[in-house]
$ cat structure_7.pdb   # PDB, N, CA and C atoms and all ligand atoms
ATOM      1  N   MET A  17     -13.235  22.136 -11.764
ATOM      2  CA  MET A  17     -14.454  21.711 -12.452
ATOM      3  C   MET A  17     -14.940  20.396 -11.851
ATOM      4  N   GLN A  18     -16.230  20.368 -11.601
ATOM      5  CA  GLN A  18     -16.796  19.199 -10.954
ATOM      6  C   GLN A  18     -17.922  18.652 -11.812
ATOM      7  N   CYS A  19     -17.983  17.341 -11.888
ATOM      8  CA  CYS A  19     -19.021  16.708 -12.699
ATOM      9  C   CYS A  19     -20.387  16.959 -12.076
ATOM     10  N   ARG A  20     -21.310  17.300 -12.948
ATOM     11  CA  ARG A  20     -22.657  17.577 -12.432
ATOM     12  C   ARG A  20     -23.407  16.302 -12.099
ATOM     13  N   LYS A  21     -22.924  15.213 -12.662
ATOM     14  CA  LYS A  21     -23.608  13.949 -12.409
ATOM     15  C   LYS A  21     -23.143  13.310 -11.111
ATOM     16  N   CYS A  22     -21.819  13.155 -11.026
ATOM     17  CA  CYS A  22     -21.292  12.352  -9.925
ATOM     18  C   CYS A  22     -20.370  13.151  -9.016
ATOM     19  N   LYS A  23     -20.208  14.422  -9.290
ATOM     20  CA  LYS A  23     -19.327  15.275  -8.506
ATOM     21  C   LYS A  23     -17.870  14.852  -8.614
ATOM     22  N   GLY A  24     -17.593  14.100  -9.650
ATOM     23  CA  GLY A  24     -16.230  13.643  -9.839
ATOM     24  C   GLY A  24     -15.345  14.732 -10.424
ATOM     25  N   LEU A  25     -14.081  14.404 -10.521
ATOM     26  CA  LEU A  25     -13.124  15.361 -11.057
ATOM     27  C   LEU A  25     -13.190  15.378 -12.572
ATOM     28  N   MET A  26     -13.229  16.576 -13.136
ATOM     29  CA  MET A  26     -13.259  16.692 -14.586
ATOM     30  C   MET A  26     -11.945  17.272 -15.070
ATOM     31  N   VAL A  27     -11.490  16.735 -16.175
ATOM     32  CA  VAL A  27     -10.220  17.187 -16.730
ATOM     33  C   VAL A  27     -10.441  17.703 -18.141
ATOM     34  N   ARG A  28      -9.568  18.606 -18.541
ATOM     35  CA  ARG A  28      -9.636  19.160 -19.882
ATOM     36  C   ARG A  28      -9.062  18.125 -20.844
ATOM     37  N   GLU A  29      -9.805  17.836 -21.872
ATOM     38  CA  GLU A  29      -9.334  16.842 -22.814
ATOM     39  C   GLU A  29      -9.520  17.350 -24.233
ATOM     40  N   ARG A  30      -8.594  16.946 -25.089
ATOM     41  CA  ARG A  30      -8.654  17.402 -26.467
ATOM     42  C   ARG A  30      -9.295  16.337 -27.349
ATOM     43  N   PHE A  31     -10.195  16.787 -28.179
ATOM     44  CA  PHE A  31     -10.847  15.877 -29.092
ATOM     45  C   PHE A  31     -10.639  16.376 -30.516
ATOM     46  N   SER A  32     -10.371  15.451 -31.392
ATOM     47  CA  SER A  32     -10.240  15.813 -32.796
ATOM     48  C   SER A  32     -11.525  15.451 -33.522
ATOM     49  N   ASP A  33     -12.094  16.438 -34.142
ATOM     50  CA  ASP A  33     -13.312  16.202 -34.897
ATOM     51  C   ASP A  33     -13.045  16.612 -36.341
ATOM     52  N   TYR A  34     -12.526  15.666 -37.114
ATOM     53  CA  TYR A  34     -12.089  15.959 -38.471
ATOM     54  C   TYR A  34     -11.057  17.072 -38.442
ATOM     55  N   PHE A  35     -11.342  18.187 -39.005
ATOM     56  CA  PHE A  35     -10.361  19.267 -39.039
ATOM     57  C   PHE A  35     -10.436  20.148 -37.809
ATOM     58  N   LEU A  36     -11.424  19.903 -37.022
ATOM     59  CA  LEU A  36     -11.576  20.710 -35.828
ATOM     60  C   LEU A  36     -10.889  20.054 -34.634
ATOM     61  N   ILE A  37     -10.308  20.888 -33.822
ATOM     62  CA  ILE A  37      -9.789  20.382 -32.554
ATOM     63  C   ILE A  37     -10.499  21.143 -31.451
ATOM     64  N   VAL A  38     -11.212  20.402 -30.674
ATOM     65  CA  VAL A  38     -12.002  21.039 -29.630
ATOM     66  C   VAL A  38     -11.565  20.517 -28.267
ATOM     67  N   TYR A  39     -11.786  21.335 -27.303
ATOM     68  CA  TYR A  39     -11.471  20.940 -25.944
ATOM     69  C   TYR A  39     -12.761  20.811 -25.149
ATOM     70  N   ALA A  40     -12.786  19.800 -24.344
ATOM     71  CA  ALA A  40     -13.992  19.580 -23.568
ATOM     72  C   ALA A  40     -13.602  19.083 -22.182
ATOM     73  N   TRP A  41     -14.546  19.201 -21.299
ATOM     74  CA  TRP A  41     -14.340  18.666 -19.962
ATOM     75  C   TRP A  41     -14.824  17.232 -19.928
ATOM     76  N   LYS A  42     -13.972  16.374 -19.401
ATOM     77  CA  LYS A  42     -14.354  14.981 -19.285
ATOM     78  C   LYS A  42     -14.209  14.536 -17.839
ATOM     79  N   CYS A  43     -15.246  13.897 -17.374
ATOM     80  CA  CYS A  43     -15.216  13.391 -16.009
ATOM     81  C   CYS A  43     -14.408  12.090 -15.984
ATOM     82  N   ILE A  44     -13.409  12.071 -15.133
ATOM     83  CA  ILE A  44     -12.578  10.867 -15.074
ATOM     84  C   ILE A  44     -13.241   9.799 -14.235
ATOM     85  N   ASN A  45     -14.338  10.150 -13.630
ATOM     86  CA  ASN A  45     -15.036   9.180 -12.791
ATOM     87  C   ASN A  45     -16.114   8.430 -13.568
ATOM     88  N   CYS A  46     -16.997   9.182 -14.215
ATOM     89  CA  CYS A  46     -18.099   8.529 -14.922
ATOM     90  C   CYS A  46     -17.981   8.683 -16.432
ATOM     91  N   GLY A  47     -17.037   9.475 -16.877
ATOM     92  CA  GLY A  47     -16.810   9.593 -18.312
ATOM     93  C   GLY A  47     -17.710  10.598 -19.009
ATOM     94  N   ALA A  48     -18.433  11.373 -18.243
ATOM     95  CA  ALA A  48     -19.312  12.366 -18.846
ATOM     96  C   ALA A  48     -18.484  13.455 -19.522
ATOM     97  N   ILE A  49     -18.966  13.897 -20.668
ATOM     98  CA  ILE A  49     -18.266  14.938 -21.404
ATOM     99  C   ILE A  49     -19.139  16.181 -21.453
ATOM    100  N   VAL A  50     -18.548  17.281 -21.055
ATOM    101  CA  VAL A  50     -19.294  18.524 -21.033
ATOM    102  C   VAL A  50     -18.666  19.505 -22.003
ATOM    103  N   ASP A  51     -19.312  19.663 -23.119
ATOM    104  CA  ASP A  51     -18.858  20.647 -24.088
ATOM    105  C   ASP A  51     -19.996  20.916 -25.048
ATOM    106  N   SER A  52     -20.410  22.131 -25.141
ATOM    107  CA  SER A  52     -21.565  22.462 -25.958
ATOM    108  C   SER A  52     -21.276  22.222 -27.430
ATOM    109  N   THR A  53     -20.020  22.418 -27.814
ATOM    110  CA  THR A  53     -19.670  22.219 -29.220
ATOM    111  C   THR A  53     -19.779  20.756 -29.597
ATOM    112  N   ILE A  54     -19.228  19.921 -28.758
ATOM    113  CA  ILE A  54     -19.240  18.488 -29.052
ATOM    114  C   ILE A  54     -20.660  17.945 -29.022
ATOM    115  N   THR A  55     -21.392  18.290 -28.019
ATOM    116  CA  THR A  55     -22.734  17.741 -27.902
ATOM    117  C   THR A  55     -23.632  18.264 -29.012
ATOM    118  N   HIS A  56     -23.257  19.400 -29.565
ATOM    119  CA  HIS A  56     -24.069  19.955 -30.644
ATOM    120  C   HIS A  56     -23.722  19.311 -31.978
ATOM    121  N   ASN A  57     -22.437  19.096 -32.204
ATOM    122  CA  ASN A  57     -22.002  18.601 -33.505
ATOM    123  C   ASN A  57     -22.070  17.087 -33.633
ATOM    124  N   GLN A  58     -21.948  16.431 -32.520
ATOM    125  CA  GLN A  58     -21.894  14.987 -32.596
ATOM    126  C   GLN A  58     -23.101  14.380 -31.912
ATOM    127  N   LYS A  59     -23.362  13.169 -32.309
ATOM    128  CA  LYS A  59     -24.388  12.436 -31.603
ATOM    129  C   LYS A  59     -23.877  12.095 -30.215
ATOM    130  N   LYS A  60     -24.780  12.041 -29.326
ATOM    131  CA  LYS A  60     -24.388  11.739 -27.959
ATOM    132  C   LYS A  60     -23.857  10.309 -27.876
ATOM    133  N   ARG A  61     -22.705  10.219 -27.309
ATOM    134  CA  ARG A  61     -22.108   8.905 -27.148
ATOM    135  C   ARG A  61     -21.864   8.656 -25.670
ATOM    136  N   PRO A  62     -22.027   7.434 -25.259
ATOM    137  CA  PRO A  62     -21.777   7.101 -23.857
ATOM    138  C   PRO A  62     -20.307   7.221 -23.510
ATOM    139  N   ALA A  63     -19.459   6.970 -24.501
ATOM    140  CA  ALA A  63     -18.027   7.071 -24.248
ATOM    141  C   ALA A  63     -17.334   7.532 -25.515
ATOM    142  N   PRO A  64     -16.304   8.326 -25.365
ATOM    143  CA  PRO A  64     -15.580   8.788 -26.543
ATOM    144  C   PRO A  64     -14.820   7.651 -27.210
ATOM    145  N   ALA A  65     -15.021   7.504 -28.490
ATOM    146  CA  ALA A  65     -14.329   6.450 -29.223
ATOM    147  C   ALA A  65     -13.861   7.024 -30.548
ATOM    148  N   GLU A  66     -13.032   8.020 -30.440
ATOM    149  CA  GLU A  66     -12.606   8.738 -31.639
ATOM    150  C   GLU A  66     -11.812   7.837 -32.571
ATOM    151  N   ASP A  67     -11.035   6.960 -32.011
ATOM    152  CA  ASP A  67     -10.143   6.144 -32.827
ATOM    153  C   ASP A  67     -10.897   5.075 -33.602
ATOM    154  N   SER A  68     -12.059   4.720 -33.110
ATOM    155  CA  SER A  68     -12.787   3.639 -33.766
ATOM    156  C   SER A  68     -13.682   4.167 -34.884
ATOM    157  N   ARG A  69     -13.668   5.463 -35.040
ATOM    158  CA  ARG A  69     -14.508   6.044 -36.073
ATOM    159  C   ARG A  69     -13.979   5.624 -37.455
ATOM    160  N   GLU A  70     -14.892   5.324 -38.316
ATOM    161  CA  GLU A  70     -14.479   4.900 -39.650
ATOM    162  C   GLU A  70     -13.926   6.083 -40.421
ATOM    163  N   ALA A  71     -12.852   5.822 -41.106
ATOM    164  CA  ALA A  71     -12.240   6.866 -41.917
ATOM    165  C   ALA A  71     -13.013   7.009 -43.213
ATOM    166  N   VAL A  72     -13.432   8.226 -43.471
ATOM    167  CA  VAL A  72     -14.199   8.461 -44.680
ATOM    168  C   VAL A  72     -13.259   9.003 -45.754
ATOM    169  N   SER A  73     -13.071   8.214 -46.756
ATOM    170  CA  SER A  73     -12.178   8.651 -47.839
ATOM    171  C   SER A  73     -12.932   9.576 -48.768
ATOM    172  N   GLN A  74     -12.251  10.574 -49.210
ATOM    173  CA  GLN A  74     -12.914  11.527 -50.103
ATOM    174  C   GLN A  74     -12.812  11.001 -51.491
TER     175      GLN A  74
HETATM  176 ZN    ZN B 101     -19.010  12.248 -13.469
END
$ encode --input "structure_7.pdb" --output "structure tokens"
Amino acid sequence: MQCRKCKGLMVRERFSDYFLIVYAWKCINCGAIVDSTITHNQKKRPAPAEDSREAVSQ
């Protein structure tokens, strides 16, 4: 898999989205994330920052 932006190497990465666990391609060069599920469900972010997300207590 090659990044469409920079032709860099993309790796499979796991992202946790609440109860969902999704896999997406992430460019290790420019950090671009390619996954239709993620881009659809989440707002576009320049960089993944899953850990900094505020915990929403029920
Ligand atoms: Zn890239």
$ residues_near_ligand --input "structure_7.pdb" --ligand "ligand ZN 101 (chain B)" --cutoff "5 Å" --atoms "all atoms listed in the file" --output "count of residues only"
10
$ atom_distance --input "structure_7.pdb" --atom1 "CA of Ile44 (chain A)" --atom2 "CA of Leu25 (chain A)"
6.1 Å
$ select_by_dssp --input "structure_7.pdb" --residues "region 22-57 of chain A" --states "strand (DSSP E)" --output "CSV table (one decimal) with N, CA and C atoms, in the frame of the given file"
chain,number,residue,atom,x,y,z
A,26,MET,N,-13.2,16.6,-13.1
A,26,MET,CA,-13.3,16.7,-14.6
A,26,MET,C,-11.9,17.3,-15.1
A,27,VAL,N,-11.5,16.7,-16.2
A,27,VAL,CA,-10.2,17.2,-16.7
A,27,VAL,C,-10.4,17.7,-18.1
A,28,ARG,N,-9.6,18.6,-18.5
A,28,ARG,CA,-9.6,19.2,-19.9
A,28,ARG,C,-9.1,18.1,-20.8
A,29,GLU,N,-9.8,17.8,-21.9
A,29,GLU,CA,-9.3,16.8,-22.8
A,29,GLU,C,-9.5,17.4,-24.2
A,30,ARG,N,-8.6,16.9,-25.1
A,30,ARG,CA,-8.7,17.4,-26.5
A,30,ARG,C,-9.3,16.3,-27.3
A,31,PHE,N,-10.2,16.8,-28.2
A,31,PHE,CA,-10.8,15.9,-29.1
A,31,PHE,C,-10.6,16.4,-30.5
A,32,SER,N,-10.4,15.5,-31.4
A,32,SER,CA,-10.2,15.8,-32.8
A,32,SER,C,-11.5,15.5,-33.5
A,33,ASP,N,-12.1,16.4,-34.1
A,33,ASP,CA,-13.3,16.2,-34.9
A,33,ASP,C,-13.0,16.6,-36.3
A,36,LEU,N,-11.4,19.9,-37.0
A,36,LEU,CA,-11.6,20.7,-35.8
A,36,LEU,C,-10.9,20.1,-34.6
A,37,ILE,N,-10.3,20.9,-33.8
A,37,ILE,CA,-9.8,20.4,-32.6
A,37,ILE,C,-10.5,21.1,-31.5
A,38,VAL,N,-11.2,20.4,-30.7
A,38,VAL,CA,-12.0,21.0,-29.6
A,38,VAL,C,-11.6,20.5,-28.3
A,39,TYR,N,-11.8,21.3,-27.3
A,39,TYR,CA,-11.5,20.9,-25.9
A,39,TYR,C,-12.8,20.8,-25.1
A,40,ALA,N,-12.8,19.8,-24.3
A,40,ALA,CA,-14.0,19.6,-23.6
A,40,ALA,C,-13.6,19.1,-22.2
A,41,TRP,N,-14.5,19.2,-21.3
A,41,TRP,CA,-14.3,18.7,-20.0
A,41,TRP,C,-14.8,17.2,-19.9
A,42,LYS,N,-14.0,16.4,-19.4
A,42,LYS,CA,-14.4,15.0,-19.3
A,42,LYS,C,-14.2,14.5,-17.8
A,43,CYS,N,-15.2,13.9,-17.4
A,43,CYS,CA,-15.2,13.4,-16.0
A,43,CYS,C,-14.4,12.1,-16.0
A,49,ILE,N,-19.0,13.9,-20.7
A,49,ILE,CA,-18.3,14.9,-21.4
A,49,ILE,C,-19.1,16.2,-21.5
A,50,VAL,N,-18.5,17.3,-21.1
A,50,VAL,CA,-19.3,18.5,-21.0
A,50,VAL,C,-18.7,19.5,-22.0
$ atom_distance --input "structure_7.pdb" --atom1 "atom C of Ile49 (chain A)" --atom2 "CA of Leu36 (chain A)"
16.9 Å
$ atom_distance --input "structure_7.pdb" --atom1 "CA of Tyr39 (chain A)" --atom2 "atom C of Arg20 (chain A)"
18.9 Å
